[in-house]
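Listing of coords_11.txt, compact mmCIF, C-alpha atoms
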# COMPACT_ATOMS: atom_id res chain seq x y z
CA MET A 1 177.70 18.84 -98.47
CA SER A 2 178.12 15.22 -99.60
CA THR A 3 178.21 14.16 -103.26
CA SER A 4 174.90 12.34 -102.94
CA GLU A 5 173.27 15.49 -101.53
CA ILE A 6 174.61 17.51 -104.48
CA ASP A 7 173.32 14.87 -106.89
CA ARG A 8 169.83 15.17 -105.40
CA GLN A 9 169.61 18.95 -105.80
CA TRP A 10 167.08 20.06 -108.43
CA THR A 11 169.62 22.42 -110.01
CA THR A 12 172.10 19.54 -110.49
CA ARG A 13 169.43 17.22 -111.93
CA LEU A 14 168.07 19.93 -114.24
CA ARG A 15 171.56 20.88 -115.46
CA ARG A 16 172.44 17.26 -116.25
CA ARG A 17 169.15 16.74 -118.04
CA VAL A 18 169.61 19.89 -120.17
CA GLU A 19 173.24 18.96 -120.92
CA GLY A 20 172.14 15.50 -122.02
CA LYS A 21 169.27 16.68 -124.22
CA LEU A 22 170.84 19.85 -125.60
CA PRO A 23 174.64 19.88 -125.62
CA PRO A 24 176.23 23.14 -126.94
CA GLU A 25 177.01 21.62 -130.37
CA LYS A 26 173.30 20.84 -130.79
CA LEU A 27 172.11 24.20 -129.44
CA LEU A 28 174.36 26.21 -131.78
CA PRO A 29 175.36 23.84 -134.62
CA ASP A 30 177.93 24.94 -137.20
CA THR A 31 176.72 22.63 -139.97
CA GLN A 32 173.40 21.19 -141.12
CA PRO A 33 172.64 18.07 -143.20
CA THR A 34 172.94 18.49 -147.00
CA TYR A 35 169.17 18.18 -147.51
CA VAL A 36 168.69 21.46 -145.61
CA SER A 37 170.24 23.39 -148.53
CA SER A 38 166.89 24.05 -150.18
CA TRP A 39 164.82 27.24 -150.35
CA ILE A 40 161.93 25.53 -148.57
CA TYR A 41 164.02 25.44 -145.36
CA VAL A 42 164.49 29.23 -145.48
CA PHE A 43 160.93 30.10 -144.45
CA GLY A 44 161.32 29.07 -140.80
CA ILE A 45 164.11 31.58 -140.22
CA ALA A 46 162.25 34.14 -142.39
CA THR A 47 159.29 33.78 -139.99
CA LEU A 48 161.61 34.14 -137.00
CA SER A 49 163.33 37.22 -138.47
CA SER A 50 160.05 38.95 -139.27
CA LEU A 51 158.82 38.15 -135.74
CA GLY A 52 161.89 40.04 -134.48
CA VAL A 53 160.92 43.10 -136.58
CA VAL A 54 157.29 42.81 -135.39
CA ILE A 55 158.38 42.80 -131.74
CA GLY A 56 160.96 45.59 -132.27
CA THR A 57 158.56 47.96 -134.10
CA GLY A 58 155.81 47.06 -131.60
CA CYS A 59 158.09 48.14 -128.74
CA ILE A 60 158.75 51.50 -130.48
CA LEU A 61 154.98 51.99 -131.01
CA ALA A 62 154.38 51.21 -127.32
CA LEU A 63 157.04 53.75 -126.29
CA ARG A 64 155.58 56.62 -128.34
CA GLY A 65 151.81 55.97 -128.28
CA PRO A 66 148.84 56.33 -130.66
CA GLN A 67 149.04 60.15 -131.17
CA TRP A 68 152.58 59.65 -132.46
CA TRP A 69 151.89 56.70 -134.77
CA HIS A 70 148.79 58.41 -136.22
CA GLY A 71 150.12 61.97 -136.41
CA SER A 72 153.79 61.99 -137.45
CA ALA A 73 155.68 60.85 -140.54
CA TYR A 74 158.14 58.76 -138.49
CA GLY A 75 155.23 57.29 -136.54
CA HIS A 76 153.49 56.35 -139.80
CA PHE A 77 156.72 54.74 -141.00
CA ILE A 78 157.14 52.58 -137.86
CA ASN A 79 153.42 51.76 -137.91
CA SER A 80 153.76 50.59 -141.52
CA MET A 81 156.89 48.61 -140.64
CA HIS A 82 154.85 46.87 -137.92
CA LEU A 83 152.04 46.07 -140.37
CA TRP A 84 154.26 44.86 -143.21
CA SER A 85 156.51 42.76 -140.97
CA VAL A 86 153.32 41.05 -139.75
CA GLU A 87 152.31 40.45 -143.39
CA ILE A 88 155.73 38.88 -144.12
CA PHE A 89 155.56 36.94 -140.82
CA PHE A 90 152.26 35.26 -141.79
CA PHE A 91 153.31 34.82 -145.43
CA ALA A 92 156.55 33.06 -144.44
CA MET A 93 154.83 31.06 -141.68
CA VAL A 94 152.18 29.72 -144.08
CA VAL A 95 154.80 28.65 -146.66
CA HIS A 96 156.84 27.11 -143.78
CA LEU A 97 153.68 25.26 -142.65
CA TRP A 98 152.96 23.93 -146.16
CA GLY A 99 156.55 22.78 -146.54
CA LYS A 100 156.60 21.02 -143.17
CA PHE A 101 153.19 19.44 -143.79
CA ALA A 102 154.44 18.07 -147.13
CA MET A 103 157.52 16.66 -145.35
CA ALA A 104 155.36 15.17 -142.54
CA ALA A 105 157.68 17.00 -140.17
CA TRP A 106 156.14 15.31 -137.10
CA ARG A 107 158.02 12.08 -138.00
CA GLY A 108 160.81 10.70 -135.81
CA GLY A 109 159.46 11.82 -132.44
CA ARG A 110 158.93 15.41 -133.57
CA ALA A 111 155.25 15.63 -132.51
CA LEU A 112 156.01 18.30 -129.89
CA THR A 113 157.90 20.37 -132.49
CA TRP A 114 154.87 20.17 -134.79
CA MET A 115 152.36 20.98 -132.03
CA THR A 116 154.30 23.97 -130.67
CA GLY A 117 154.31 25.29 -134.26
CA VAL A 118 150.55 24.76 -134.59
CA VAL A 119 149.78 26.52 -131.30
CA THR A 120 152.18 29.37 -132.19
CA PHE A 121 150.25 29.80 -135.45
CA LEU A 122 146.92 29.99 -133.56
CA VAL A 123 148.30 32.42 -130.96
CA SER A 124 149.72 34.58 -133.78
CA ILE A 125 146.31 34.74 -135.46
CA GLY A 126 144.88 35.96 -132.13
CA ALA A 127 147.67 38.55 -131.91
CA GLY A 128 146.85 39.67 -135.47
CA PHE A 129 143.12 40.01 -134.74
CA THR A 130 143.65 41.95 -131.50
CA GLY A 131 146.09 44.15 -133.44
CA TYR A 132 143.33 45.05 -135.90
CA VAL A 133 141.08 46.26 -133.05
CA SER A 134 143.91 48.05 -131.18
CA GLN A 135 144.78 50.57 -133.91
CA SER A 136 142.65 53.26 -132.20
CA ASN A 137 141.14 54.63 -135.41
CA PHE A 138 137.88 54.28 -137.38
CA ASP A 139 139.17 51.08 -138.95
CA SER A 140 139.55 49.41 -135.56
CA GLN A 141 136.11 50.69 -134.48
CA TRP A 142 134.54 49.19 -137.59
CA ILE A 143 136.35 45.87 -137.24
CA SER A 144 135.51 45.52 -133.53
CA THR A 145 131.80 46.20 -134.09
CA GLN A 146 131.81 43.58 -136.86
CA ALA A 147 133.75 41.08 -134.73
CA LYS A 148 131.62 41.38 -131.58
CA ASP A 149 128.67 39.44 -133.04
CA GLY A 150 130.90 36.53 -134.05
CA ILE A 151 132.64 36.46 -130.66
CA ASN A 152 129.33 36.77 -128.79
CA ALA A 153 127.90 33.89 -130.84
CA THR A 154 130.63 31.65 -129.45
CA GLY A 155 129.77 32.66 -125.87
CA ALA A 156 133.26 34.07 -125.28
CA GLY A 157 132.07 37.68 -125.42
CA ALA A 158 131.55 37.85 -121.64
CA TYR A 159 135.27 37.27 -121.11
CA PHE A 160 136.75 38.56 -124.35
CA ASN A 161 135.08 41.87 -125.28
CA VAL A 162 136.40 43.14 -128.62
CA LEU A 163 134.75 46.53 -127.95
CA ASN A 164 136.93 46.97 -124.84
CA LEU A 165 140.00 48.72 -126.26
CA GLY A 166 141.98 48.45 -123.00
CA GLN A 167 141.42 44.70 -122.80
CA MET A 168 142.23 44.14 -126.49
CA LEU A 169 145.39 46.26 -126.27
CA MET A 170 146.61 44.28 -123.22
CA TRP A 171 145.97 40.98 -125.04
CA HIS A 172 147.76 42.38 -128.09
CA ILE A 173 150.86 43.80 -126.40
CA VAL A 174 151.26 41.52 -123.34
CA LEU A 175 149.57 38.12 -123.31
CA LEU A 176 149.63 37.06 -126.96
CA PRO A 177 153.18 38.30 -127.77
CA LEU A 178 154.39 36.59 -124.57
CA GLY A 179 152.69 33.38 -125.69
CA ALA A 180 154.08 33.67 -129.22
CA ILE A 181 157.63 34.35 -128.01
CA VAL A 182 157.64 31.52 -125.43
CA LEU A 183 156.13 29.04 -127.90
CA THR A 184 158.53 30.10 -130.67
CA GLY A 185 161.44 29.61 -128.26
CA MET A 186 160.16 26.13 -127.39
CA HIS A 187 159.65 25.35 -131.09
CA VAL A 188 163.24 26.35 -131.97
CA LEU A 189 164.64 24.40 -129.00
CA MET A 190 162.66 21.32 -130.10
CA VAL A 191 164.13 21.68 -133.61
CA ARG A 192 167.59 21.89 -132.03
CA ILE A 193 166.99 18.82 -129.84
CA LYS A 194 165.43 16.59 -132.53
CA GLY A 195 167.15 18.10 -135.59
CA VAL A 196 165.60 19.09 -138.92
CA VAL A 197 163.32 16.38 -140.30
CA PRO A 198 164.97 14.52 -143.22
CA PRO A 199 163.17 14.13 -146.57
CA PHE A 200 161.29 10.89 -147.30
CA GLU A 201 163.86 9.57 -149.75
CA GLU A 202 166.57 9.52 -147.08
CA GLY A 203 165.27 6.09 -146.05
CA ALA A 204 162.58 4.43 -144.02
CA GLU A 205 164.49 5.00 -140.78
CA VAL A 206 163.75 8.50 -139.53
CA ALA A 207 166.60 10.10 -137.63
CA GLU A 208 165.83 11.46 -134.18
CA MET B 1 158.79 62.73 -150.99
CA ALA B 2 157.41 63.63 -154.43
CA PHE B 3 158.69 60.31 -155.72
CA LEU B 4 156.89 58.43 -152.92
CA LEU B 5 153.65 60.33 -153.57
CA SER B 6 153.81 59.56 -157.30
CA PHE B 7 154.38 55.89 -156.44
CA ALA B 8 151.44 55.94 -154.00
CA ALA B 9 149.24 57.36 -156.77
CA LEU B 10 149.80 54.18 -158.79
CA ILE B 11 147.86 52.19 -156.20
CA PRO B 12 144.79 54.17 -155.11
CA LEU B 13 144.02 53.04 -151.56
CA ASP B 14 141.19 55.49 -150.84
CA ASN B 15 138.66 53.63 -153.00
CA LEU B 16 136.52 50.67 -151.99
CA GLY B 17 138.19 47.29 -152.37
CA HIS B 18 137.50 45.06 -155.35
CA TYR B 19 135.95 41.65 -154.70
CA ILE B 20 135.48 38.45 -156.67
CA GLN B 21 132.25 36.56 -156.06
CA TRP B 22 131.66 32.96 -157.09
CA HIS B 23 128.58 31.30 -155.57
CA PHE B 24 129.03 31.63 -151.80
CA ILE B 25 132.76 32.43 -152.09
CA GLU B 26 133.64 36.12 -151.85
CA ILE B 27 137.25 37.24 -151.69
CA SER B 28 139.00 40.56 -152.12
CA ILE B 29 141.45 40.89 -155.01
CA ALA B 30 144.18 41.88 -152.52
CA ASN B 31 143.73 38.67 -150.48
CA LEU B 32 143.56 36.57 -153.65
CA ILE B 33 146.83 38.08 -154.91
CA VAL B 34 148.53 37.29 -151.58
CA MET B 35 147.27 33.69 -151.70
CA ILE B 36 148.47 33.24 -155.30
CA LEU B 37 151.86 34.72 -154.34
CA MET B 38 152.14 32.24 -151.44
CA VAL B 39 151.43 29.27 -153.74
CA VAL B 40 153.92 30.57 -156.34
CA THR B 41 156.57 31.14 -153.62
CA PHE B 42 156.00 27.61 -152.29
CA ILE B 43 156.45 26.04 -155.74
CA VAL B 44 159.52 28.18 -156.53
CA ALA B 45 161.04 27.26 -153.13
CA LEU B 46 160.68 23.57 -154.02
CA VAL B 47 162.20 23.74 -157.50
CA ALA B 48 164.65 26.66 -157.49
CA PRO B 49 168.30 25.60 -157.06
CA PHE B 50 169.80 26.61 -153.72
CA PRO B 51 173.17 28.43 -153.97
CA GLY B 52 176.08 26.14 -153.11
CA ARG B 53 174.04 22.92 -153.04
CA SER B 54 176.03 21.23 -155.82
CA ARG B 55 179.31 22.25 -154.12
CA ARG B 56 178.13 20.70 -150.83
CA LYS B 57 177.19 17.47 -152.61
CA GLU B 58 180.66 17.29 -154.17
CA ASN B 59 182.26 17.72 -150.73
CA ARG B 60 180.28 14.81 -149.25
Translate this file's structure into structure tokens.
Amino acid sequence: MSTSEIDRQWTTRLRRRVEGKLPPEKLLPDTQPTYVSSWIYVFGIATLSSLGVVIGTGCILALRGPQWWHGSAYGHFINSMHLWSVEIFFFAMVVHLWGKFAMAAWRGGRALTWMTGVVTFLVSIGAGFTGYVSQSNFDSQWISTQAKDGINATGAGAYFNVLNLGQMLMWHIVLLPLGAIVLTGMHVLMVRIKGVVPPFEEGAEVAE
Amino acid sequence: MAFLLSFAALIPLDNLGHYIQWHFIEISIANLIVMILMVVTFIVALVAPFPGRSRRKENR
């Protein structure tokens, strides 16, 4: 195979593009700029860590099933871990959002970083809501009967039926977590490619 | 276990939730506490000194 043929291969072109945009020292940096040493920069990784606990406890709940998480002490414990890691996830994500909004973190060609964060937030809210109606208890029955009127008023009820436990559970454990994980991965990669946004006082020129 | 039960008794969760109503705004005390905690955390995160920050500045 000639060199020009190798150059034209999609694997070669993709590899070169990835190497150019995201060299190893950018993907896994060993230092960060001085302005990153502030507590406000901690909430992104706090969100990411709690997402890890959410996914991990969710996998254990999926392995054992509703009878286990409703009827055993260990099941209650893992169920509570799932709930409270979600609480911390949203808490940290909101503080992260406020911090980034105050920094205007979309500056310096970081619009895609900002937008992947926004869409991740929206997908996570959907995952939270479908979690409420997937508990398989009286609480979830109550919430779903309250939610159906709102969903039906939007016209989405024909496709998204909150009274359909099977559908809600599939959204909660397959589609929305998949969306959240993929978008979070993209968000982190965008932060790695563009770097952490500098504060305003660093100068008018915004580093890319 | 007895310790956990005594701790749980401090926060009765079997009762109806408490709500604050102001004109058309109605919010549960629990949600309000979480929102206040988020605002406090945000402010503290902005002003609290980060460990090792002064050392990093000296090394620059």
Counting all atoms listed in the file, what is within 10 Å of Ala30 in chain B, bar same-chain residues fewer than 6 positions away, as a list in words?
Gly17, His18 and Tyr19 of chain B
What is the distance, in Å and to one decimal place, between CA of Met190 in chain A and CA of Ile40 in chain A?
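Straight-line distance from CA of Met190 in chain A to CA of Ile40 in chain A works out to 19.0 Å.
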Counting all atoms listed in the file, which residues from chain A have an atom at most 8 Å from any atom of chain B, and could you show them as a ChimeraX atom specification?
/A:34,37-40,91,94-95,98-99
I'd like to know which of A:Met1, A:Val86, A:Ile78, A:Leu112 is closest to Leu189 in chain A, using only C-alpha atoms.
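Closest to Leu189 in chain A of all the choices is A:Leu112.
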How far is it from CA of Ser28 in chain B to CA of Leu61 in chain A, in Å with one decimal?
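Here the two named atoms are 28.8 Å from each other.
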Looking at only C-alpha atoms, which of A:Lys26, A:Cys59, A:Thr130, A:Met186 is the one that sits closest to Phe160 in chain A?
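That would be A:Thr130, the residue with the smallest distance to Phe160 in chain A.
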For the atom pair CA of Gly58 in chain A and CA of Leu176 in chain A, what is the interatomic distance in Å to one decimal place?
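Here the two named atoms are 12.6 Å from each other.
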Mind working out the centre and edge lengths of an axis-aligned box for range 62-68 of chain A, all listed atoms inside, 5 Å added to each side, rounded to one decimal in Å and written as lines of an AutoDock Vina configuration file?
center_x = 152.9
center_y = 55.7
center_z = -129.4
size_x = 18.2
size_y = 18.9
size_z = 16.2
In the coordinate frame of the file, compute which residues have an atom within 6 Å of (146.1, 42.0, -129.0) when using all atoms listed in the file, and state them as an NGL selection string.
:A and (127 or 130-131 or 168-169 or 171-173)
I'd like the contact shell of Gly44 in chain A - 8 Å cut-off, all atoms listed in the file, skipping same-chain residues fewer than 4 positions apart - returned as an MDAnalysis selection string.
chainID A and resid 48 92:93 96
Which residues come within 9 Å of Ser144 in chain A, counting all atoms listed in the file, excluding same-chain residues fewer than 3 positions away, as a list in words?
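Contacts, in chain order: Tyr132, Val133, Asp139, Ser140, Gln141, Ala147, Lys148, Val162, Leu163 and Asn164 of chain A.
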Find the residues around Ile60 in chain A up to 12 Å (all atoms listed in the file counted), leave out those fewer than 4 positions away in its own chain, and share them as number ranges by chain.
A: 53-56, 64-66, 68-69, 74-79, 81-82, 173
Check the smallest atom-to-atom distance from each of A:Leu14, A:Met170, A:Ala46, A:Val197 to Arg107 in chain A using all atoms listed in the file, then report the winner.
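Comparing A:Leu14, A:Met170, A:Ala46, A:Val197 against Arg107 in chain A, the winner is A:Val197.
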Within 8 Å of Gly117 in chain A using only C-alpha atoms, minus same-chain residues under 5 positions, as a PyMOL selection string:
chain A and resi 183-184+187
